[in-house]
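Written out below as C-alpha coordinates is the structure these notes cover.
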Amino acid sequence: MRKNLRKILLLIIALGLLTSCSLPGLGANINEENILIASGNTTERQIVSEIVRQMIEHYDDDVKVGIINNLGSTNLIHQALMSNNANVSGVMYTGTSLTGELEMEPIIDTEEAMRVVVKEYKDRFNQKWYPSFGFENTYAFMVTRQFSEENNITKVSELENMASELKAGVDTAWMQRQGDGYEDFKRIYGFDFSKVYPMEIGLVYNAVEAGEMDVVLGYTTDGRIQSNDLVVLEDDKNLFPPYDASPVVKYELIEKYPKIDKIVSKLEGTITSEDMQKLNRRADEDLVEPKNVATEFLKDNDYFKDKEPIVSEGR
(Lines give C-alpha, C1' and ligand atoms only; values in the text may rest on other atoms or scores of the structure.)
Protein backbone atom coordinates (compact mmCIF):
# COMPACT_ATOMS: atom_id res chain seq x y z
CA MET A 1 0.00 0.00 0.00
CA ARG A 2 2.79 2.38 0.95
CA LYS A 3 4.65 1.59 -2.31
CA ASN A 4 1.54 2.30 -4.38
CA LEU A 5 1.01 5.58 -2.55
CA ARG A 6 4.62 6.57 -3.22
CA LYS A 7 4.19 5.78 -6.93
CA ILE A 8 1.05 7.92 -7.09
CA LEU A 9 2.81 10.83 -5.38
CA LEU A 10 5.77 10.58 -7.74
CA LEU A 11 3.41 10.57 -10.71
CA ILE A 12 1.63 13.68 -9.45
CA ILE A 13 4.97 15.46 -8.95
CA ALA A 14 6.14 14.45 -12.42
CA LEU A 15 2.94 15.73 -14.00
CA GLY A 16 3.29 18.97 -12.05
CA LEU A 17 6.84 19.45 -13.28
CA LEU A 18 5.79 18.72 -16.84
CA THR A 19 2.98 21.26 -16.59
CA SER A 20 5.29 23.90 -15.13
CA CYS A 21 7.85 23.34 -17.84
CA SER A 22 5.24 23.89 -20.54
CA LEU A 23 3.80 26.97 -18.81
CA PRO A 24 5.34 29.61 -21.09
CA GLY A 25 3.56 28.11 -24.12
CA LEU A 26 0.14 27.12 -22.80
CA GLY A 27 -0.94 26.45 -26.38
CA ALA A 28 0.35 29.76 -27.72
CA ASN A 29 3.66 30.23 -29.47
CA ILE A 30 5.46 33.44 -30.33
CA ASN A 31 6.34 31.94 -33.71
CA GLU A 32 2.67 31.27 -34.45
CA GLU A 33 1.27 34.48 -32.98
CA ASN A 34 2.46 37.90 -34.12
CA ILE A 35 1.80 39.25 -30.65
CA LEU A 36 1.81 37.23 -27.42
CA ILE A 37 0.63 38.84 -24.20
CA ALA A 38 1.92 37.61 -20.83
CA SER A 39 -0.91 37.73 -18.30
CA GLY A 40 -1.34 36.30 -14.81
CA ASN A 41 -3.49 34.24 -12.49
CA THR A 42 -5.51 37.12 -11.03
CA THR A 43 -8.87 38.25 -12.36
CA GLU A 44 -7.56 41.78 -12.80
CA ARG A 45 -4.57 40.79 -14.89
CA GLN A 46 -6.68 38.54 -17.09
CA ILE A 47 -9.33 41.22 -17.70
CA VAL A 48 -6.82 43.95 -18.52
CA SER A 49 -4.75 41.64 -20.74
CA GLU A 50 -7.94 40.83 -22.64
CA ILE A 51 -8.67 44.55 -23.01
CA VAL A 52 -5.22 45.01 -24.57
CA ARG A 53 -5.66 41.98 -26.83
CA GLN A 54 -9.09 42.97 -28.06
CA MET A 55 -8.01 46.57 -28.68
CA ILE A 56 -5.14 45.36 -30.89
CA GLU A 57 -7.36 42.95 -32.81
CA HIS A 58 -10.08 45.59 -33.22
CA TYR A 59 -7.71 48.08 -34.84
CA ASP A 60 -5.49 45.64 -36.72
CA ASP A 61 -7.11 42.44 -37.97
CA ASP A 62 -3.95 41.47 -39.86
CA VAL A 63 -2.16 40.31 -36.71
CA LYS A 64 -2.69 37.23 -34.56
CA VAL A 65 -2.74 37.92 -30.83
CA GLY A 66 -2.44 35.26 -28.12
CA ILE A 67 -2.45 35.38 -24.32
CA ILE A 68 -0.44 33.36 -21.78
CA ASN A 69 -2.62 33.22 -18.67
CA ASN A 70 -1.93 31.87 -15.18
CA LEU A 71 1.62 33.15 -14.77
CA GLY A 72 1.75 33.24 -11.00
CA SER A 73 3.89 36.32 -10.33
CA THR A 74 5.18 39.56 -11.78
CA ASN A 75 8.62 37.97 -12.03
CA LEU A 76 7.29 35.12 -14.20
CA ILE A 77 5.59 37.65 -16.48
CA HIS A 78 8.82 39.60 -16.72
CA GLN A 79 10.80 36.43 -17.48
CA ALA A 80 8.35 35.52 -20.24
CA LEU A 81 9.25 38.76 -22.02
CA MET A 82 12.98 38.47 -21.31
CA SER A 83 13.10 34.89 -22.62
CA ASN A 84 11.16 35.86 -25.75
CA ASN A 85 8.18 33.68 -24.82
CA ALA A 86 6.02 36.82 -24.98
CA ASN A 87 6.42 40.37 -26.27
CA VAL A 88 3.70 42.25 -24.33
CA SER A 89 2.77 42.39 -20.65
CA GLY A 90 -0.93 43.14 -20.22
CA VAL A 91 -0.38 45.01 -16.98
CA MET A 92 2.51 45.78 -14.64
CA TYR A 93 2.53 47.85 -11.43
CA THR A 94 5.11 50.54 -10.61
CA GLY A 95 5.63 49.69 -6.94
CA THR A 96 5.91 45.96 -7.61
CA SER A 97 8.44 46.31 -10.42
CA LEU A 98 10.57 48.89 -8.61
CA THR A 99 11.33 46.59 -5.71
CA GLY A 100 11.03 43.41 -7.79
CA GLU A 101 12.80 43.01 -11.11
CA LEU A 102 14.44 46.47 -10.89
CA GLU A 103 15.69 45.75 -7.33
CA MET A 104 15.35 49.38 -6.27
CA GLU A 105 14.06 51.09 -3.14
CA PRO A 106 10.35 52.00 -2.96
CA ILE A 107 9.47 55.46 -4.29
CA ILE A 108 6.52 57.23 -2.65
CA ASP A 109 6.06 60.01 -5.23
CA THR A 110 3.74 58.76 -7.99
CA GLU A 111 5.25 60.76 -10.85
CA GLU A 112 8.81 59.94 -9.83
CA ALA A 113 7.99 56.22 -9.57
CA MET A 114 6.54 56.30 -13.09
CA ARG A 115 9.51 58.24 -14.46
CA VAL A 116 11.98 55.75 -12.99
CA VAL A 117 10.26 52.58 -14.25
CA VAL A 118 9.85 54.09 -17.75
CA LYS A 119 13.56 54.92 -17.93
CA GLU A 120 14.85 51.73 -16.31
CA TYR A 121 12.67 49.43 -18.38
CA LYS A 122 13.91 51.08 -21.55
CA ASP A 123 17.58 51.13 -20.53
CA ARG A 124 17.78 47.67 -18.95
CA PHE A 125 15.23 45.61 -20.85
CA ASN A 126 14.53 47.51 -24.11
CA GLN A 127 10.84 47.56 -23.21
CA LYS A 128 8.37 50.43 -23.29
CA TRP A 129 6.46 51.06 -20.06
CA TYR A 130 3.35 53.00 -21.07
CA PRO A 131 1.48 55.66 -19.06
CA SER A 132 -1.01 54.29 -16.57
CA PHE A 133 -4.38 52.85 -17.57
CA GLY A 134 -5.70 55.25 -14.93
CA PHE A 135 -5.89 53.03 -11.87
CA GLU A 136 -3.55 51.63 -9.25
CA ASN A 137 -3.91 48.47 -7.21
CA THR A 138 -2.35 48.90 -3.82
CA TYR A 139 -3.01 48.00 -0.23
CA ALA A 140 -5.50 50.21 1.61
CA PHE A 141 -7.21 50.23 4.98
CA MET A 142 -10.99 50.14 4.77
CA VAL A 143 -14.02 50.25 7.04
CA THR A 144 -17.78 49.92 6.62
CA ARG A 145 -19.68 53.00 5.49
CA GLN A 146 -21.59 52.97 8.78
CA PHE A 147 -18.35 53.03 10.78
CA SER A 148 -16.95 55.83 8.60
CA GLU A 149 -20.03 58.02 8.96
CA GLU A 150 -20.65 57.38 12.66
CA ASN A 151 -17.02 58.17 13.60
CA ASN A 152 -16.31 60.74 10.86
CA ILE A 153 -13.34 58.67 9.66
CA THR A 154 -12.00 59.07 6.12
CA LYS A 155 -8.21 58.92 6.73
CA VAL A 156 -5.99 56.29 8.33
CA SER A 157 -4.50 58.78 10.82
CA GLU A 158 -8.00 59.53 12.15
CA LEU A 159 -8.14 56.01 13.59
CA GLU A 160 -5.44 56.80 16.16
CA ASN A 161 -7.69 58.00 18.99
CA MET A 162 -9.76 54.80 18.95
CA ALA A 163 -7.14 52.32 17.66
CA SER A 164 -6.60 50.75 21.09
CA GLU A 165 -10.18 49.46 20.91
CA LEU A 166 -10.18 48.27 17.28
CA LYS A 167 -9.65 44.83 15.77
CA ALA A 168 -7.83 44.84 12.42
CA GLY A 169 -7.79 42.06 9.84
CA VAL A 170 -4.81 42.16 7.48
CA ASP A 171 -3.23 40.14 4.69
CA THR A 172 -0.94 37.51 6.19
CA ALA A 173 1.89 38.46 3.80
CA TRP A 174 1.71 42.11 4.92
CA MET A 175 2.86 41.27 8.44
CA GLN A 176 6.41 40.52 7.26
CA ARG A 177 6.67 42.97 4.34
CA GLN A 178 9.61 45.37 4.31
CA GLY A 179 9.10 49.04 3.47
CA ASP A 180 5.30 49.18 3.72
CA GLY A 181 4.44 46.34 6.11
CA TYR A 182 3.17 46.12 9.68
CA GLU A 183 6.31 47.40 11.40
CA ASP A 184 6.50 50.30 8.94
CA PHE A 185 2.84 51.11 9.58
CA LYS A 186 3.47 51.43 13.33
CA ARG A 187 6.57 53.55 12.70
CA ILE A 188 4.97 55.91 10.17
CA TYR A 189 1.52 56.29 11.75
CA GLY A 190 2.70 56.06 15.36
CA PHE A 191 -0.05 53.78 16.69
CA ASP A 192 -1.20 50.16 16.71
CA PHE A 193 -4.55 48.38 16.93
CA SER A 194 -5.86 46.46 19.92
CA LYS A 195 -5.63 43.18 17.99
CA VAL A 196 -4.19 42.46 14.54
CA TYR A 197 -5.41 39.25 12.88
CA PRO A 198 -3.43 37.92 9.87
CA MET A 199 -5.78 36.26 7.37
CA GLU A 200 -6.16 35.36 3.72
CA ILE A 201 -6.68 38.55 1.73
CA GLY A 202 -9.92 37.24 0.24
CA LEU A 203 -11.51 36.93 3.68
CA VAL A 204 -11.00 40.47 4.95
CA TYR A 205 -13.88 42.09 3.04
CA ASN A 206 -16.59 39.85 4.46
CA ALA A 207 -14.96 39.98 7.90
CA VAL A 208 -15.35 43.75 8.21
CA GLU A 209 -18.78 43.77 6.57
CA ALA A 210 -19.99 41.16 9.07
CA GLY A 211 -18.62 43.12 12.03
CA GLU A 212 -15.99 40.53 12.92
CA MET A 213 -13.32 43.19 12.30
CA ASP A 214 -13.46 46.96 12.71
CA VAL A 215 -10.90 47.79 10.05
CA VAL A 216 -9.20 45.65 7.39
CA LEU A 217 -6.40 45.88 4.88
CA GLY A 218 -7.43 45.04 1.32
CA TYR A 219 -6.71 45.85 -2.33
CA THR A 220 -8.03 49.10 -3.78
CA THR A 221 -9.49 47.57 -6.95
CA ASP A 222 -11.21 44.56 -5.39
CA GLY A 223 -14.86 44.33 -6.48
CA ARG A 224 -15.97 43.46 -2.94
CA ILE A 225 -15.33 47.06 -1.88
CA GLN A 226 -18.42 48.04 -3.84
CA SER A 227 -20.53 44.97 -3.14
CA ASN A 228 -19.91 45.29 0.64
CA ASP A 229 -20.20 49.11 0.53
CA LEU A 230 -16.82 49.69 2.16
CA VAL A 231 -14.99 53.00 2.48
CA VAL A 232 -11.32 53.10 1.48
CA LEU A 233 -9.41 55.28 3.94
CA GLU A 234 -6.92 57.81 2.63
CA ASP A 235 -3.30 56.80 3.24
CA ASP A 236 -2.56 60.33 4.41
CA LYS A 237 0.97 59.58 5.65
CA ASN A 238 1.99 57.73 2.47
CA LEU A 239 2.76 54.33 3.93
CA PHE A 240 2.12 52.56 0.65
CA PRO A 241 4.12 53.41 -2.48
CA PRO A 242 2.21 53.90 -5.76
CA TYR A 243 1.20 50.82 -7.72
CA ASP A 244 0.02 52.47 -10.92
CA ALA A 245 -0.95 49.95 -13.61
CA SER A 246 0.46 50.09 -17.15
CA PRO A 247 1.00 47.86 -20.17
CA VAL A 248 4.55 47.04 -21.26
CA VAL A 249 5.67 46.27 -24.85
CA LYS A 250 9.05 45.18 -26.18
CA TYR A 251 10.60 47.82 -28.46
CA GLU A 252 11.46 45.23 -31.07
CA LEU A 253 7.74 44.49 -31.44
CA ILE A 254 6.99 48.20 -31.82
CA GLU A 255 9.62 48.38 -34.57
CA LYS A 256 8.06 45.40 -36.34
CA TYR A 257 4.43 46.52 -35.85
CA PRO A 258 4.49 50.33 -35.36
CA LYS A 259 0.70 50.45 -35.27
CA ILE A 260 0.67 48.72 -31.89
CA ASP A 261 2.23 51.80 -30.26
CA LYS A 262 -0.76 54.01 -31.09
CA ILE A 263 -3.28 51.30 -30.23
CA VAL A 264 -1.87 50.63 -26.76
CA SER A 265 -1.40 54.37 -26.15
CA LYS A 266 -5.15 54.90 -26.64
CA LEU A 267 -5.70 53.08 -23.31
CA GLU A 268 -3.94 55.77 -21.26
CA GLY A 269 -6.24 57.06 -18.53
CA THR A 270 -9.24 55.00 -19.63
CA ILE A 271 -9.78 52.74 -16.57
CA THR A 272 -10.38 54.37 -13.18
CA SER A 273 -10.03 52.51 -9.89
CA GLU A 274 -13.83 52.47 -9.64
CA ASP A 275 -14.02 51.01 -13.16
CA MET A 276 -11.55 48.29 -12.19
CA GLN A 277 -13.54 47.47 -9.06
CA LYS A 278 -16.65 47.00 -11.21
CA LEU A 279 -14.80 44.86 -13.76
CA ASN A 280 -13.30 42.64 -11.05
CA ARG A 281 -16.70 42.32 -9.38
CA ARG A 282 -18.29 41.36 -12.71
CA ALA A 283 -15.88 38.44 -13.00
CA ASP A 284 -15.46 37.40 -9.36
CA GLU A 285 -19.06 37.74 -8.16
CA ASP A 286 -21.21 37.65 -11.31
CA LEU A 287 -18.97 34.86 -12.65
CA VAL A 288 -18.57 36.40 -16.11
CA GLU A 289 -15.46 35.21 -17.95
CA PRO A 290 -12.66 37.85 -17.98
CA LYS A 291 -12.70 37.75 -21.78
CA ASN A 292 -16.38 38.69 -21.83
CA VAL A 293 -15.93 41.34 -19.13
CA ALA A 294 -13.28 42.98 -21.34
CA THR A 295 -15.56 42.82 -24.39
CA GLU A 296 -18.43 44.46 -22.50
CA PHE A 297 -16.14 47.25 -21.29
CA LEU A 298 -14.69 47.96 -24.73
CA LYS A 299 -18.05 47.88 -26.48
CA ASP A 300 -19.52 50.22 -23.85
CA ASN A 301 -16.68 52.63 -24.61
CA ASP A 302 -16.73 52.06 -28.39
CA TYR A 303 -13.12 50.86 -28.23
CA PHE A 304 -12.12 54.45 -27.36
CA LYS A 305 -12.54 55.26 -31.04
CA ASP A 306 -12.49 59.04 -30.58
CA LYS A 307 -9.59 59.10 -28.12
CA GLU A 308 -6.40 60.44 -29.65
CA PRO A 309 -3.35 58.44 -28.54
CA ILE A 310 -0.43 60.38 -27.07
CA VAL A 311 2.67 58.47 -28.15
CA SER A 312 5.91 59.30 -26.33
CA GLU A 313 9.27 57.70 -25.63
CA GLY A 314 8.92 58.20 -21.90
CA ARG A 315 8.78 60.88 -19.27
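Residues are referred to by chain and number: the chain letter is A, B, ... according to the order shown in the C-alpha coordinates, the number counts from 1 in that chain, and ligands are numbered separately from 1 in the order shown.
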
- Item | Which of segment 13-256 of chain A fall in alpha helix (DSSP H), as an NGL selection string | :A and (13-21 or 43-59 or 74-82 or 94-99 or 110-125 or 145-151 or 182-189 or 204-209 or 224-227 or 251-256)

Neighbour list for segment 194-208 of chain A as an mmCIF file with N, CA and C atoms, in the first residue's frame, cut-off 8 Å, only C-alpha atoms, skip fewer than 2 positions in-chain:
data_model
loop_
_atom_site.group_PDB
_atom_site.id
_atom_site.type_symbol
_atom_site.label_atom_id
_atom_site.label_comp_id
_atom_site.auth_asym_id
_atom_site.auth_seq_id
_atom_site.Cartn_x
_atom_site.Cartn_y
_atom_site.Cartn_z
ATOM 1 N N VAL A 143 -13.023 50.459 5.982
ATOM 2 C CA VAL A 143 -14.020 50.246 7.038
ATOM 3 C C VAL A 143 -15.398 50.227 6.384
ATOM 4 N N THR A 144 -16.424 49.855 7.152
ATOM 5 C CA THR A 144 -17.780 49.919 6.622
ATOM 6 C C THR A 144 -18.211 51.382 6.496
ATOM 7 N N ALA A 163 -7.837 53.523 18.124
ATOM 8 C CA ALA A 163 -7.135 52.324 17.657
ATOM 9 C C ALA A 163 -6.972 51.268 18.747
ATOM 10 N N SER A 164 -6.817 51.710 19.996
ATOM 11 C CA SER A 164 -6.599 50.751 21.091
ATOM 12 C C SER A 164 -7.830 49.897 21.368
ATOM 13 N N GLU A 165 -8.953 50.227 20.728
ATOM 14 C CA GLU A 165 -10.184 49.456 20.909
ATOM 15 C C GLU A 165 -10.579 48.694 19.646
ATOM 16 N N LEU A 166 -9.786 48.815 18.580
ATOM 17 C CA LEU A 166 -10.181 48.271 17.284
ATOM 18 C C LEU A 166 -9.477 46.955 16.962
ATOM 19 N N LYS A 167 -10.213 46.076 16.301
ATOM 20 C CA LYS A 167 -9.654 44.829 15.765
ATOM 21 C C LYS A 167 -9.404 45.035 14.272
ATOM 22 N N ALA A 168 -8.205 44.659 13.826
ATOM 23 C CA ALA A 168 -7.834 44.839 12.422
ATOM 24 C C ALA A 168 -7.522 43.492 11.783
ATOM 25 N N GLY A 169 -8.094 43.256 10.616
ATOM 26 C CA GLY A 169 -7.786 42.064 9.835
ATOM 27 C C GLY A 169 -6.911 42.444 8.655
ATOM 28 N N VAL A 170 -5.775 41.774 8.514
ATOM 29 C CA VAL A 170 -4.808 42.165 7.479
ATOM 30 C C VAL A 170 -4.325 40.944 6.702
ATOM 31 N N ASP A 171 -3.825 41.192 5.520
ATOM 32 C CA ASP A 171 -3.232 40.143 4.693
ATOM 33 C C ASP A 171 -2.041 39.526 5.439
ATOM 34 N N THR A 172 -2.021 38.211 5.486
ATOM 35 C CA THR A 172 -0.941 37.508 6.192
ATOM 36 C C THR A 172 0.439 37.943 5.701
ATOM 37 N N MET A 175 2.245 41.223 7.114
ATOM 38 C CA MET A 175 2.860 41.270 8.436
ATOM 39 C C MET A 175 4.379 41.283 8.365
ATOM 40 N N ASP A 192 -0.913 51.555 17.051
ATOM 41 C CA ASP A 192 -1.202 50.165 16.715
ATOM 42 C C ASP A 192 -2.643 49.873 17.107
ATOM 43 N N ALA A 210 -19.210 41.919 8.081
ATOM 44 C CA ALA A 210 -19.987 41.158 9.069
ATOM 45 C C ALA A 210 -19.770 41.645 10.493
ATOM 46 N N GLY A 211 -18.875 42.601 10.699
ATOM 47 C CA GLY A 211 -18.625 43.125 12.032
ATOM 48 C C GLY A 211 -17.632 42.319 12.842
ATOM 49 N N GLU A 212 -17.000 41.321 12.211
ATOM 50 C CA GLU A 212 -15.994 40.530 12.922
ATOM 51 C C GLU A 212 -14.704 41.322 13.103
ATOM 52 N N MET A 213 -14.460 42.277 12.217
ATOM 53 C CA MET A 213 -13.315 43.185 12.303
ATOM 54 C C MET A 213 -13.826 44.621 12.209
ATOM 55 N N ASP A 214 -13.081 45.550 12.795
ATOM 56 C CA ASP A 214 -13.460 46.962 12.713
ATOM 57 C C ASP A 214 -12.837 47.646 11.506
ATOM 58 N N VAL A 215 -11.629 47.217 11.175
ATOM 59 C CA VAL A 215 -10.898 47.785 10.047
ATOM 60 C C VAL A 215 -10.094 46.660 9.402
ATOM 61 N N VAL A 216 -9.963 46.694 8.083
ATOM 62 C CA VAL A 216 -9.196 45.649 7.393
ATOM 63 C C VAL A 216 -8.291 46.274 6.344
ATOM 64 N N LEU A 217 -7.323 45.475 5.933
ATOM 65 C CA LEU A 217 -6.397 45.878 4.878
ATOM 66 C C LEU A 217 -6.714 45.051 3.634
ATOM 67 N N GLY A 218 -7.087 45.732 2.550
ATOM 68 C CA GLY A 218 -7.427 45.036 1.315
ATOM 69 C C GLY A 218 -6.775 45.688 0.115
ATOM 70 N N ARG A 224 -15.209 43.597 -4.180
ATOM 71 C CA ARG A 224 -15.973 43.463 -2.944
ATOM 72 C C ARG A 224 -16.035 44.759 -2.151
ATOM 73 N N ILE A 225 -15.217 45.740 -2.507
ATOM 74 C CA ILE A 225 -15.326 47.063 -1.881
ATOM 75 C C ILE A 225 -16.693 47.652 -2.186
ATOM 76 N N ASN A 228 -19.755 45.230 -0.819
ATOM 77 C CA ASN A 228 -19.909 45.293 0.640
ATOM 78 C C ASN A 228 -20.028 46.730 1.145
#

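Minimum atom-to-atom distances from A:Lys305, A:Lys122, A:Lys256, A:Lys291 to Thr270 of chain A were compared using only C-alpha atoms, and the lowest value belongs to A:Lys305.
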
Would you write out, as JSON lines, a table of all residues in segment 81-168 of chain A that have an atom no more than 10 Å from an atom of segment 48-68 of chain A, listing for each the closest atom pair and the distance in Å to one decimal, considering only C-alpha atoms and ordering rows by chain and rising residue number?
{"residue": "A:Asn85", "atom": "CA", "partner": "A:Ile68", "partner_atom": "CA", "distance": 9.1}
{"residue": "A:Ala86", "atom": "CA", "partner": "A:Ile68", "partner_atom": "CA", "distance": 8.0}
{"residue": "A:Val88", "atom": "CA", "partner": "A:Ser49", "partner_atom": "CA", "distance": 9.2}
{"residue": "A:Ser89", "atom": "CA", "partner": "A:Ser49", "partner_atom": "CA", "distance": 7.6}
{"residue": "A:Gly90", "atom": "CA", "partner": "A:Ser49", "partner_atom": "CA", "distance": 4.1}
{"residue": "A:Val91", "atom": "CA", "partner": "A:Ser49", "partner_atom": "CA", "distance": 6.7}
{"residue": "A:Phe133", "atom": "CA", "partner": "A:Val48", "partner_atom": "CA", "distance": 9.3}

- Message: At a cut-off of 9 Å, using only C-alpha atoms, what residues contact Leu76 of chain A? Leave out same-chain residues fewer than 5 positions from it and give the result as a VMD selection string.
- Response: chain A and resid 38 40 71 81

- Message: Quick check, in Å to one decimal: how far apart do atom CA of Pro106 of chain A and atom CA of Glu136 of chain A lie?
- Response: 15.3 Å

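Residue nearest Pro290 of chain A, chosen from A:Ser246, A:Gln176, A:Gln79, A:Asn41 and counting only C-alpha atoms: A:Asn41.
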
- Message: List as JSON, numbers by chain the protein and nucleic acid residues near segment 146-160 of chain A, meaning an atom at most 8 Å away when only C-alpha atoms are counted, but skip any in the same chain fewer than 6 places from it.
- Response: {"A": [189, 191, 192, 231, 232, 233, 234, 235, 236, 237]}

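Among A:Asp261, A:Asp229, A:Glu120, A:Glu296, the residue with the shortest atom-to-atom distance to Val311 of chain A, counting only C-alpha atoms, is A:Asp261.
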
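Closest to Asn34 of chain A among A:Asp123, A:Ile254, A:Lys128, A:Glu274 is A:Ile254, based on only C-alpha atoms.
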
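Between atom CA of Pro247 of chain A and atom CA of Glu101 of chain A there is a distance of 15.6 Å.
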
- Item | segment 90-282 of chain A: residues DSSP assigns to strand (DSSP E or B), reported as an MDAnalysis selection string | chainID A and resid 90:93 127:129 136 139:144 155 167:171 195:199 215:219 230:232 234 244:250

- Work out how far atom CA of Val116 of chain A is from atom CA of Gln277 of chain A, in Å to one decimal. 27.1 Å

- Item | Nearest to Tyr139 of chain A, chosen from A:Thr272, A:Thr110, A:Thr220, A:Thr96, with only C-alpha atoms counted in the distances | A:Thr220
